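File shown: input-v1.txt. Contents: compact mmCIF, C-alpha atoms.
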```
# COMPACT_ATOMS: atom_id res chain seq x y z
CA PRO A 6 -66.77 -30.25 1.83
CA PHE A 7 -63.51 -32.04 2.80
CA PHE A 8 -59.89 -30.96 2.80
CA PHE A 9 -57.50 -33.00 0.70
CA ALA A 10 -53.77 -33.45 1.15
CA GLU A 11 -50.98 -34.07 -1.30
CA HIS A 12 -49.37 -36.63 1.04
CA PRO A 13 -51.05 -39.31 3.18
CA LEU A 14 -50.59 -39.91 6.89
CA GLU A 15 -47.03 -40.76 7.67
CA TYR A 16 -47.51 -41.50 11.36
CA GLY A 17 -49.77 -43.76 13.39
CA ASP A 18 -50.06 -47.45 14.16
CA GLU A 19 -49.34 -49.89 11.33
CA ALA A 20 -52.67 -51.09 9.96
CA ALA A 21 -52.54 -53.58 7.09
CA GLY A 22 -56.27 -54.12 7.46
CA LEU A 23 -59.32 -54.11 9.67
CA THR A 24 -62.46 -56.14 10.16
CA MET A 25 -65.71 -54.55 11.30
CA THR A 26 -68.63 -56.45 12.77
CA TYR A 27 -71.92 -54.75 13.49
CA PHE A 28 -75.08 -56.03 15.10
CA GLY A 29 -78.75 -55.22 14.65
CA ASN A 30 -81.19 -54.73 17.48
CA GLU A 31 -81.20 -58.40 18.49
CA THR A 32 -83.94 -58.08 21.10
CA ARG A 33 -86.50 -56.75 18.65
CA LEU A 34 -85.44 -58.99 15.78
CA ALA A 35 -85.02 -62.19 17.80
CA GLU A 36 -88.76 -62.83 17.51
CA ARG A 37 -88.29 -63.08 13.74
CA ASN A 38 -85.35 -65.49 14.22
CA GLU A 39 -83.13 -63.38 11.96
CA ARG A 40 -79.36 -63.30 11.96
CA THR A 41 -78.49 -59.76 12.98
CA GLU A 42 -74.71 -59.80 12.61
CA SER A 43 -72.84 -58.54 9.57
CA SER A 44 -69.18 -57.84 8.89
CA CYS A 45 -66.72 -56.64 6.29
CA SER A 46 -62.93 -56.41 6.01
CA PHE A 47 -60.62 -53.83 4.49
CA THR A 48 -57.13 -54.88 3.38
CA TYR A 49 -54.37 -52.41 2.58
CA GLN A 50 -52.02 -52.94 -0.34
CA GLU A 51 -49.10 -50.54 -0.87
CA GLY A 52 -49.62 -48.33 -3.91
CA THR A 53 -53.22 -49.45 -4.37
CA GLY A 54 -55.13 -48.58 -1.21
CA TYR A 55 -57.74 -50.53 0.71
CA THR A 56 -60.04 -53.14 -0.81
CA ARG A 57 -63.31 -54.19 0.86
CA THR A 58 -64.54 -57.76 1.25
CA SER A 59 -67.91 -58.78 2.71
CA ALA A 60 -69.96 -61.96 2.81
CA SER A 61 -70.68 -61.29 -0.88
CA GLY A 62 -66.95 -61.30 -1.69
CA LEU A 63 -64.52 -58.65 -2.89
CA ASN A 64 -66.24 -55.40 -3.94
CA ILE A 65 -65.76 -55.00 -7.69
CA ASP A 66 -66.30 -51.99 -9.96
CA GLU A 67 -69.06 -53.24 -12.26
CA ALA A 68 -67.91 -50.92 -15.07
CA THR A 69 -64.31 -52.18 -15.16
CA GLY A 70 -64.38 -55.54 -13.36
CA GLU A 71 -61.50 -54.30 -11.17
CA PRO A 72 -61.57 -54.34 -7.36
CA LEU A 73 -62.80 -51.08 -5.81
CA THR A 74 -60.04 -49.36 -3.87
CA PHE A 75 -60.25 -46.74 -1.16
CA ALA A 76 -57.62 -44.19 -0.12
CA ASN A 77 -59.39 -43.41 3.18
CA VAL A 78 -61.34 -45.68 5.49
CA ILE A 79 -63.00 -43.89 8.39
CA VAL A 80 -64.93 -45.80 11.03
CA VAL A 81 -67.38 -43.44 12.71
CA TRP A 82 -68.58 -44.65 16.10
CA VAL A 83 -72.30 -43.94 16.53
CA ASP A 84 -75.35 -45.71 17.88
CA TYR A 85 -77.80 -46.68 15.17
CA ASP A 86 -81.29 -48.05 14.75
CA SER A 87 -82.52 -50.90 12.65
CA GLU A 88 -85.77 -50.79 10.76
CA VAL A 89 -87.74 -53.70 9.33
CA ILE A 90 -89.28 -53.00 5.93
CA GLY A 91 -91.08 -55.99 4.48
CA ASP A 92 -88.82 -59.01 4.91
CA ASN A 93 -85.62 -56.96 5.15
CA THR A 94 -83.89 -55.27 8.05
CA TYR A 95 -81.97 -52.08 7.37
CA LEU A 96 -79.50 -50.17 9.52
CA CYS A 97 -80.48 -46.52 9.73
CA LEU A 98 -79.10 -43.30 11.11
CA LYS A 99 -81.64 -40.67 12.02
CA ASP A 100 -80.22 -38.01 14.32
CA GLN A 101 -77.29 -40.14 15.52
CA MET A 102 -74.86 -38.28 13.25
CA VAL A 103 -75.53 -34.94 14.94
CA GLY A 104 -72.98 -34.19 17.65
CA SER A 105 -69.53 -35.65 17.91
CA GLY A 106 -67.72 -38.87 18.68
CA GLN A 107 -64.76 -41.11 18.05
CA ALA A 108 -63.51 -41.95 14.56
CA ASP A 109 -60.85 -44.49 13.62
CA ILE A 110 -58.99 -43.24 10.57
CA PHE A 111 -57.07 -45.51 8.18
CA GLN A 112 -54.85 -44.09 5.46
CA ASN A 113 -51.67 -45.31 3.78
CA GLY A 114 -51.54 -48.46 5.92
CA LYS A 115 -51.62 -46.32 9.08
CA HIS A 116 -54.25 -45.93 11.81
CA ILE A 117 -54.97 -43.02 14.14
CA THR A 118 -57.83 -42.47 16.56
CA GLY A 119 -59.51 -39.17 15.79
CA ALA A 120 -62.97 -37.70 16.06
CA TRP A 121 -65.95 -36.55 14.03
CA ALA A 122 -68.15 -33.49 14.55
CA HIS A 123 -71.44 -32.61 12.90
CA THR A 124 -73.34 -29.67 14.41
CA ASP A 125 -76.59 -30.32 12.53
CA ARG A 126 -77.93 -32.28 9.55
CA LYS A 127 -77.20 -29.44 7.12
CA ALA A 128 -73.71 -28.69 8.42
CA ARG A 129 -70.48 -30.06 7.04
CA LEU A 130 -69.25 -33.30 8.61
CA VAL A 131 -65.74 -32.67 9.96
CA PHE A 132 -63.12 -35.31 10.77
CA LEU A 133 -60.36 -34.43 13.24
CA SER A 134 -56.97 -36.06 13.56
CA ASP A 135 -55.58 -37.32 16.84
CA ARG A 136 -53.76 -33.99 17.04
CA GLY A 137 -57.04 -32.04 17.00
CA THR A 138 -56.63 -30.60 13.51
CA GLU A 139 -59.03 -31.15 10.65
CA LEU A 140 -58.10 -34.35 8.85
CA ARG A 141 -56.85 -34.01 5.31
CA LEU A 142 -58.12 -36.89 3.17
CA GLN A 143 -56.40 -38.57 0.30
CA PRO A 144 -58.14 -38.02 -3.04
CA GLY A 145 -59.69 -41.09 -4.61
CA LYS A 146 -59.65 -42.15 -8.23
CA ASN A 147 -60.96 -39.81 -10.90
```

Final structure tokens representation of the file:
Amino acid sequence: PFFFAEHPLEYGDEAAGLTMTYFGNETRLAERNERTESSCSFTYQEGTGYTRTSASGLNIDEATGEPLTFANVIVVWVDYDSEVIGDNTYLCLKDQMVGSGQADIFQNGKHITGAWAHTDRKARLVFLSDRGTELRLQPGKN
């Protein structure tokens, strides 16, 4: 469902990495005295791609023991809900991914601000570059 390109982005802001922090619905969860903040970081390494680190550490491929690498990191800006199931709180997207919004796109150590569009739950999710054209992703590992 995505377009792929032979060459990665060659323009945009330099972006050697990014850190994302997201918060749960603190008002509802505060009664349970739960920590509702979570974060992860992506670090770009030339020739390898992006690696992801969270509170659990560097994400590793369990089959090979090697760090997982990503050719594309896309941050999609949407509102979300949190749902408590048993003793755990989960982030969930219900109909939030229908419509359109901002997307921050990281590829090849570069960053551009683009957009996402998703007309309905069964439609193809489309990412647009800052130039308004459909984003061409970099293929991942085979």

Tell me which protein, DNA and RNA residues are within 7 Å of stretch 99-112 of chain A, counting all atoms listed in the file, leaving out same-chain ones fewer than 4 positions away, and put them as a ChimeraX atom specification. /A:13-14,76-85,116-126

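If you look at atom CA of A:Leu98 and atom CA of A:Met25, they are 17.5 Å away from each other.
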
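The spacing separating atom CA of A:Gly22 from atom CA of A:Pro144 amounts to 19.3 Å.
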
May I have the protein, DNA and RNA residues with any atom at most 12 Å from the point (-68.7, -59.4, -1.7), counting all atoms listed in the file, written as an mmCIF file with C-alpha atoms, keeping the file's coordinate frame?
```cif
data_model
loop_
_atom_site.group_PDB
_atom_site.id
_atom_site.type_symbol
_atom_site.label_atom_id
_atom_site.label_comp_id
_atom_site.auth_asym_id
_atom_site.auth_seq_id
_atom_site.Cartn_x
_atom_site.Cartn_y
_atom_site.Cartn_z
ATOM 1 C CA SER A 44 -69.180 -57.840 8.890
ATOM 2 C CA CYS A 45 -66.720 -56.640 6.290
ATOM 3 C CA SER A 46 -62.930 -56.410 6.010
ATOM 4 C CA PHE A 47 -60.620 -53.830 4.490
ATOM 5 C CA THR A 56 -60.040 -53.140 -0.810
ATOM 6 C CA ARG A 57 -63.310 -54.190 0.860
ATOM 7 C CA THR A 58 -64.540 -57.760 1.250
ATOM 8 C CA SER A 59 -67.910 -58.780 2.710
ATOM 9 C CA ALA A 60 -69.960 -61.960 2.810
ATOM 10 C CA SER A 61 -70.680 -61.290 -0.880
ATOM 11 C CA GLY A 62 -66.950 -61.300 -1.690
ATOM 12 C CA LEU A 63 -64.520 -58.650 -2.890
ATOM 13 C CA ASN A 64 -66.240 -55.400 -3.940
ATOM 14 C CA ILE A 65 -65.760 -55.000 -7.690
ATOM 15 C CA ASP A 66 -66.300 -51.990 -9.960
ATOM 16 C CA PRO A 72 -61.570 -54.340 -7.360
ATOM 17 C CA LEU A 73 -62.800 -51.080 -5.810
#
```

Best match for closeness to A:Thr48 among A:Gln143, A:Thr69, A:Ser87, A:Asn113, counting all atoms listed in the file: A:Asn113

Excluding A:Pro6 and any residue of its chain fewer than 3 positions from it, enumerate the residues within 9 Å of it, using all atoms listed in the file, and give them as a PyMOL selection string. chain A and resi 129-131

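Separating atom CA of A:Tyr55 from atom CA of A:Leu23 is a distance of 9.8 Å.
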
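Closest approach to A:Phe9 from the set A:Leu133, A:Ala128, A:Leu142, A:Ala68 is made by A:Leu142, with distances taken over all atoms listed in the file.
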
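Shortest atom-to-atom contact with A:Ala20 among A:Gly137, A:Gly52, A:Gly114, A:Gly145: A:Gly114, counting all atoms listed in the file.
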
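When only C-alpha atoms are used to measure the gap to A:Phe75, the shortest distance among A:Glu51, A:Glu139, A:Glu19, A:Glu11 belongs to A:Glu51.
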